[in-house]
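**Student:** Okay, handing you the structure first.
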Amino acid sequence: SCNTSVPLCPVSSEDDPEQELLCIFGTGDLGRSLGQRLIQAGYRLVYGSRRPHSCGPLPPGTQVATSHEAAAQSAQLIFLCVHREHYDFLESLTPQLKGKVVVDVSNNLKRDLYPEANAEHLQRLIPGAHVVKAFNTLSAWALQNGPSDANRQVYLCGNRTEAKQAVAETATKLGFTVVDRGSLSAARELEDSPLQLFPDWRLPMRLTVGLTAFFFLYVVIRDVIYAYVEQRKDISFRIMVSLANKVFPIVSLIMLSLCYLPGIMAACLQLSRGTKYKRFPDWLDRWMLCRKQLGLVSLAFASLHVLYTLIIPIRYYVRYRLAAITISQIRENKTTAFDTTMAWRTDSYYSMGVLGFGLFLLLGISSLPSVSNILSWREFSFIQSKLGYLTLFICTFHTYLYGWDKFLHLASYKWFTPPSYMLCLIVPSAVLLLKMLLLLPCVDKRLTRIRQGWERADPEDGTRKSLLT
Amino acid sequence: SCNTSVPLCPVSSEDDPEQELLCIFGTGDLGRSLGQRLIQAGYRLVYGSRRPHSCGPLPPGTQVATSHEAAAQSAQLIFLCVHREHYDFLESLTPQLKGKVVVDVSNNLKRDLYPEANAEHLQRLIPGAHVVKAFNTLSAWALQNGPSDANRQVYLCGNRTEAKQAVAETATKLGFTVVDRGSLSAARELEDSPLQLFPDWRLPMRLTVGLTAFFFLYVVIRDVIYAYVEQRKDISFRIMVSLANKVFPIVSLIMLSLCYLPGIMAACLQLSRGTKYKRFPDWLDRWMLCRKQLGLVSLAFASLHVLYTLIIPIRYYVRYRLAAITISQIRENKTTAFDTTMAWRTDSYYSMGVLGFGLFLLLGISSLPSVSNILSWREFSFIQSKLGYLTLFICTFHTYLYGWDKFLHLASYKWFTPPSYMLCLIVPSAVLLLKMLLLLPCVDKRLTRIRQGWERADPEDGTRKSLLT
Amino acid sequence: SCNTSVPLCPVSSEDDPEQELLCIFGTGDLGRSLGQRLIQAGYRLVYGSRRPHSCGPLPPGTQVATSHEAAAQSAQLIFLCVHREHYDFLESLTPQLKGKVVVDVSNNLKRDLYPEANAEHLQRLIPGAHVVKAFNTLSAWALQNGPSDANRQVYLCGNRTEAKQAVAETATKLGFTVVDRGSLSAARELEDSPLQLFPDWRLPMRLTVGLTAFFFLYVVIRDVIYAYVEQRKDISFRIMVSLANKVFPIVSLIMLSLCYLPGIMAACLQLSRGTKYKRFPDWLDRWMLCRKQLGLVSLAFASLHVLYTLIIPIRYYVRYRLAAITISQIRENKTTAFDTTMAWRTDSYYSMGVLGFGLFLLLGISSLPSVSNILSWREFSFIQSKLGYLTLFICTFHTYLYGWDKFLHLASYKWFTPPSYMLCLIVPSAVLLLKMLLLLPCVDKRLTRIRQGWERADPEDGTRKSLLT
């Protein structure tokens with residue numbers, strides 16, 4: 001099943017750019033997929049294989065060289081589609097690979113299997129060649145069929161600019177966009193990338209699951225089980241919508257305030273230390289790095305809260321209860337007067353909710369990569385901090401309006417536990433209070449100076465407040 | 001109305017980068033627009049024209065050379081703003097154009113008018129020049145006034161890196177971002193691009209229109225016409241909201257399941273063929289390539305369904321009916337008991353709808369180009385397949401809950417036709433069932449091995465499951 | 001607190017790319033932040049300082065040279081982290097800086113403080129050096145800690161390609177993406193960028209605030225104050241939701257029509273002038289440039305309108321009123337007949353609203369940078385103009401359906417003022433009418449020819465209708 005196997009002479013590829021000859025080492029799946037695509041893009045192709053006479057079916061139009069040496073000599077650009085553990089055979093090819101561009105497309109099955117990135121290991125094996133790490137972040141499907149949604153960009157790195165340009169030219173011809181990630185020391189990062197599954201989301205996700213589970217249990221106990229134990233009433237059907245619509249906004253508000261808490265903690269630390277150059281503790285660093293994720297989860301839960309709120313009037317239970325109230329009013333011939341305070345309160349409550357959600361959506365949109373890219377950092381920080389605190393304030397206010405004076409009524413404290421909305425107000429209230437303290441002119445002035453790096457850096461020249469010396 | 005026409009000496013542009021001299025061949029609209037912008041960006045400009053003494057008004061500060069030869073000689077970079085059918089005059093300029101960068105900005109009025117791309121044809125005419133295809137994807141407005149929304153990127157291609165760099169430098173100076181599309185063989189693609197109007201959306205759009213029309217007719221007949229014929233009741237007003245709110249979710253669910261059906265078909269084909277290297281039939285390939293569009297249409301219709309559902313309680317008809325029910329209950333002195341099963345069922349139904357829509361929105365957001373670009377393909381495929389199937393499952397479940405036990409009641413089958421929601425459950429149920437079969441360990445294992453390319457490629461070494469050899 | 005201060009010999013950085021030596025002039029906050037990051041990225045670093053023996057604490061592992069001369073001589077790439085007003089000392093370093101790459105990272109505190117960009121001023125001071133403007137658009141935080149949301153891209157400009165490449169390589173190694181903005185003449189733009197806070201949004205924002213304030217006052221007077229004066233009723237609680245839900249859609253519709261008015265005005269101007277090459281008046285140019293912002297504000301207000309509308313049925317006031325109506329119907333033993341016209345009208349009204357909002361969302365999504373980038377300009381203009389006018393039409397129709405025949409009733413004109421919805425229909429109706437006139441074949445044909453630049457440019461050859469000559 002092998003293609004014709006002939007020794008090949010080195011071919012100058014400069015005369016006809018349409019017919020450049022490339023070489024692939026390795027006839028496994030990756031070598032085959034990549035080869036098929038290269039052939040389609042108009043390249044000529046030669047394979048190097050350990051068993052040139054017994055390799056599997058290869059793309060039509062390709063050849064298998066009699067030896068790795070012959071294959072290496074024939075082309076300027078060599079794709080290495082071989083597992084890292086088989087790299088050793090390359091050492092014997094050192095003379096043939098001298099000055100050649102060798103593209104390492106390999107990935108490992110796990111992170112940290114080896115002390116060194118595959119590409120860096122490779123460069124040490126064949127110091128005369130110009131190793132470029134590339135294509136490894138693409139799926140095998142994209143390598144075979146060209147770019148698709150998450151496979152548009154080819155990341156590459158390498159120590160030699162000309163080598164990178166040659167690989168970039170090929171990637172461009174295959175339809176990909178090239179992103180240069182610098183020297184070969186970036187190879188590790190590129191090799192880790194395809195193995196990762198939302199590493200930044202792990203901490204926020206755990207927090208979300210924890211908080212959601214806790215508050216779900218809390219409201220189930222206080223509402224459903226309490227009603228069953230104390231009044232023998234089965235209101236378990238409320239779990240699906242009513243209780244969900246308690247848990248989602250609670251978790252959302254807490255997560256939103258947790259976005260802003262680490263910033264406040266950092267400011268307090270800087271104030272107490274009197275410098276910005278000392279590192280924060282690790283947990284604070286990690287927390288600050290996942291603020292965006294916390295905010296996005298919070299927005300998702302806020303959106304669910306909005307949807308759950310808006311379906312209230314079409315629920316069977318709500319319609320039944322409203323009709324029952326009307327009917328009982330008629331049967332008992334009562335008339336309830338219109339309560340203007342109630343109208344003000346509930347309308348304000350809803351209005352704050354709508355405005356808070358609107359601002360929250362704006363925050364979410366501005367954190368889309370393409371939107372934040374076109375913002376200057378002054379604009380971005382204006383949206384994320386000024387508008388962010390406004391959002392937190394409005395949403396907290398919305399929750400206070402929801403509670404109104406319930407905290408005064410003993411009946412709210414079933415089994416001596418506070419209503420869930422009270423619990424969720426603790427963190428946001430603390431954050432807003434601390435932020436207000438930090439905005440006091442005397443505190444703010446000191447913090448600003450610390451953040452400009454002036455406090456200690458140049459004490460004898462403290463009059464000039466500026467970033468540059 | 002012509003500018004001063006003087007013979008020009010070749011000018012070295014290296015001393016003062018602010019005052020580089022460029023040349024434009026052609027004094028039509030495109031030449032004028034581009035020239036105006038180049039002058040604004042600080043370039044000096046000379047025009048080459050067939051009729052140097054009778055050309056129209058040109059941007060102030062520009063000159064018209066006495067001949068094409070003189071113009072060509074004066075600058076290193078020449079923009080060709082001339083129709084392809086007039087390219088022939090360039091052959092006589094071969095000596096003057098040798099080594100010059102000639103930028104082909106032309107577009108054709110239709111696709112496939114010529115066997116060869118304009119730029120490739122041009123390169124054959126003047127082989128000594130370095131032809132670069134660029135700027136043709138911009139609107140004339142953007143050429144004259146600088147970048148705006150869909151006109152930020154200048155795509156270019158050409159065989160010579162230095163020539164491309166020179167053009168890129170100019171494009172950057174005009175405020176554009178440059179995207180290198182490789183060698184001149186990409187010119188065809190660039191020339192086709194401005195002529196296309198959503199080519200990927202044609203098939204999904206036809207499908208959408210077809211399905212929407214069919215189901216609209218179906219529900220109009222079963223609801224409005226049936227009521228009129230059998231009960232002499234005119235309920236045609238229901239078309240605007242009630243029937244729309246039946247058609248949109250039905251089409252949405254079918255479209256969503258059609259996103260996942262081709263993947264399942266492909267898996268079955270691969271299983272039965274025992275290899276992944278054989279090409280799929282053309283219709284399956286086309287279908288797989290428009291999955292994203294199918295999904296987006298489905299999301300749009302799901303959004304409309306949500307909005308139509310949420311306005312239910314403010315509709316006049318609904319308010320009238322609810323009041324009528326309450327009034328009749330009082331007049332007939334009946335009391336309906338609260339039905340807990342009904343409450344569970346409808347709340348679950350709504351809850352599934354909300355969660356399904358939330359997940360669907362997440363899928364939509366992750367398919368925004370800037371979001372999918374920052375995802376690794378493992379992350380992207382996790383969202384699009386794992387979360388995608390979960391979305392399909394929840395939405396299908398939502399529809400089953402909506403139907404509940406209606407399928408048992410003969411009254412549902414007006415004129416012996418099943419309710420529309422039953423029709424729309426066929427495809428999603430089949431997709432979910434097949435997917436479950438494919439997830440059976442024995443099937444899944446075999447499919448995984450086929451997709452790693454191992455089955456046939458290296459039978460004697462089947463123990464190692466990996467992508468590379 | 002100073003690091004060891006030793007004279008340094010020039011170091012060749014080519015042997016070991018991991019250990020390249022860079023130089024930073026200036027030990028202020030910016031110099032320290034940048035230095036810390038460079039050290040982390042594996043560079044060696046030497047500082048040049050005015051007071052080498054009394055500078056503040058510097059990143060561990062760095063050195064301070066005994067003099068600027070020694071520092072300049074030691075490295076090929078020098079970061080200038082010094083205020084513009086202190087640039088003068090560089091003149092004396094001319095011999096040491098010859099051929100070196102000097103990176104200007106400075107920003108000014110205000111725009112237009114100096115007649116010349118800092119980087120251009122610097123290049124004039126040290127003509128032998130290759131000045132590159134870069135890194136100034138990043139926040140100090142990003143310089144110290146690496147890329148984050150709005151700080152992923154490093155914009156750079158300079159006259160020398162090799163110098164830019166050297167800086168780009170360093171930026172890439174720090175994890176940033178590089179965007180080349182061309183020659184040093186772009187420095188001014190880069191220096192203005194970090195100072196700006198939504199400059200394109202100023203005009204639309206002022207307009208929004210003005211219109212919102214006017215209409216808010218208008219409806220407060222006509223609704224709340226009128227009711228209080230004429231009927232002694234306090235309905236001020238309606239401000240929070242009902243009146244907000246009048247103001248938002250009104251301003252939204254007006255803003256949407258203001259997006260399309262300038263295009264129509266431009267067309268009229270072009271028709272009356274008979275050419276497209278004459279510049280528009282300044283106010284029209286400015287107006288046309290902020291159409292996107294007008295549209296986005298309009299979309300935001302439309303979204304608020306949708307949310308405010310959807311919470312109607314859960315409002316206390318609405319529930320109270322609906323129950324009151326039902327109760328009074330029963331007590332007075334009246335039966336109101338179902339009004340089919342009313343059902344048609346309100347359902348159409350809501351349906352138009354939903355469809356209009358859906359299309360509006362589509363317009364908004366297509367104006368996300370990453371989406372508009374993948375659209376060809378033909379596709380983009382199809383969406384923004386064809387679908388845009390359709391959206392405007394549907395939304396205007398929605399408003400007409402809302403008004404229905406109220407304009408015939410004298411009671412609508414409280415205190416002789418028209419209802420607010422009538423006021424907001426003026427501009428959109430005019431825009432739609434004018435657009436229809438422009439679409440008349442005779443007018444459209446003339447306009448198309450003018451826009452192709454043919455009318456005056458080449459009168460003797462008017463038969464060929466094309467963009468190129």
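In the structure tokens, each chain is lettered A, B, ... as it comes, each chain's residues begin at 1, and ligands are numbered from 1 in order of appearance.
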Report as a tab-separated table the residues of chain B within 8 Å of chain A, each with its shortest atom pair and distance in Å (one decimal), using only C-alpha atoms, ordered by chain and increasing residue number.
**Tutor:**
```
residue	atom	partner	partner_atom	distance
B:Asn159	CA	A:Pro17	CA	7.3
B:Asp180	CA	A:Thr172	CA	7.3
B:Arg181	CA	A:Thr172	CA	5.7
B:Gly182	CA	A:Lys173	CA	5.2
B:Ser183	CA	A:Lys173	CA	7.0
B:Ser185	CA	A:Glu18	CA	7.9
B:Ala186	CA	A:Lys173	CA	7.7
B:Leu310	CA	A:Ile311	CA	6.4
B:Ile312	CA	A:Ile314	CA	7.3
B:Pro313	CA	A:Ile314	CA	6.3
B:Thr326	CA	A:Ala323	CA	6.0
B:Ile330	CA	A:Ile327	CA	6.7
B:Phe338	CA	A:Tyr320	CA	7.4
B:Thr340	CA	A:Phe237	CA	7.1
B:Met342	CA	A:Tyr316	CA	7.4
B:Ala343	CA	A:Tyr317	CA	5.9
B:Trp344	CA	A:Phe237	CA	4.9
B:Thr346	CA	A:Tyr316	CA	6.8
B:Asp347	CA	A:Met240	CA	5.8
B:Ser348	CA	A:Met240	CA	5.7
B:Tyr350	CA	A:Ile311	CA	7.5
B:Ser351	CA	A:Val241	CA	6.1
B:Val354	CA	A:Leu307	CA	6.5
B:Leu355	CA	A:Leu304	CA	7.5
B:Gly358	CA	A:Leu304	CA	7.0
B:Ser367	CA	A:Asp149	CA	7.3
B:Pro369	CA	A:Asp149	CA	7.2
B:Ser370	CA	A:Ser370	CA	5.5
B:Val371	CA	A:Pro369	CA	6.5
B:Ser372	CA	A:Ala150	CA	4.9
B:Asn373	CA	A:Ala150	CA	5.4
B:Ile374	CA	A:Ala150	CA	7.7
B:Leu375	CA	A:Ala150	CA	6.3
B:Ser376	CA	A:Pro194	CA	5.9
B:Trp377	CA	A:Ala150	CA	5.4
B:Arg378	CA	A:Pro194	CA	6.4
B:Glu379	CA	A:Leu197	CA	5.5
B:Phe380	CA	A:Ala150	CA	6.2
B:Gln452	CA	A:Asp29	CA	6.5
B:Gly453	CA	A:Asp29	CA	5.0
B:Trp454	CA	A:Asp29	CA	7.2
B:Arg456	CA	A:Gly56	CA	7.2
B:Ala457	CA	A:Gly56	CA	4.5
B:Asp458	CA	A:Gly56	CA	6.3
B:Leu467	CA	A:Asp29	CA	5.8
B:Leu468	CA	A:Val82	CA	5.2
B:Thr469	CA	A:Gly28	CA	4.7
```
**Student:** Going by DSSP on the backbone, which bits of stretch 229-435 of chain B are helix (DSSP H, G or I)? Write them as a ChimeraX atom specification, please.
**Tutor:** /B:229-231,236-239,244-273,282-289,291-310,312-314,316-331,340-366,369-374,377-403,406-408,410-412,414-416,420-435
**Student:** In Å, with one decimal, what is the gap from atom CA of A:Phe393 to atom CA of C:Phe215?
**Tutor:**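 That distance, rounded to one decimal, is 26.5 Å.
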**Student:** Fewer than 2 positions away in the same chain doesn't count, so skip those; otherwise give me all residues within 10 Å of C:Ala302, counting only C-alpha atoms, as number ranges by chain.
**Tutor:** C: 245, 248-253, 256, 296-300, 304-308, 353, 356-357, 360-361, 395
**Student:** Quick one: residues within 12 Å of stretch 279-287 of chain A, only C-alpha atoms, excluding same-chain residues fewer than 2 positions away - as an MDAnalysis selection string?
**Tutor:** (chainID A and resid 199:204 207 255 258:270 273 275:277 289:294) or (chainID C and resid 36 59 144:145)
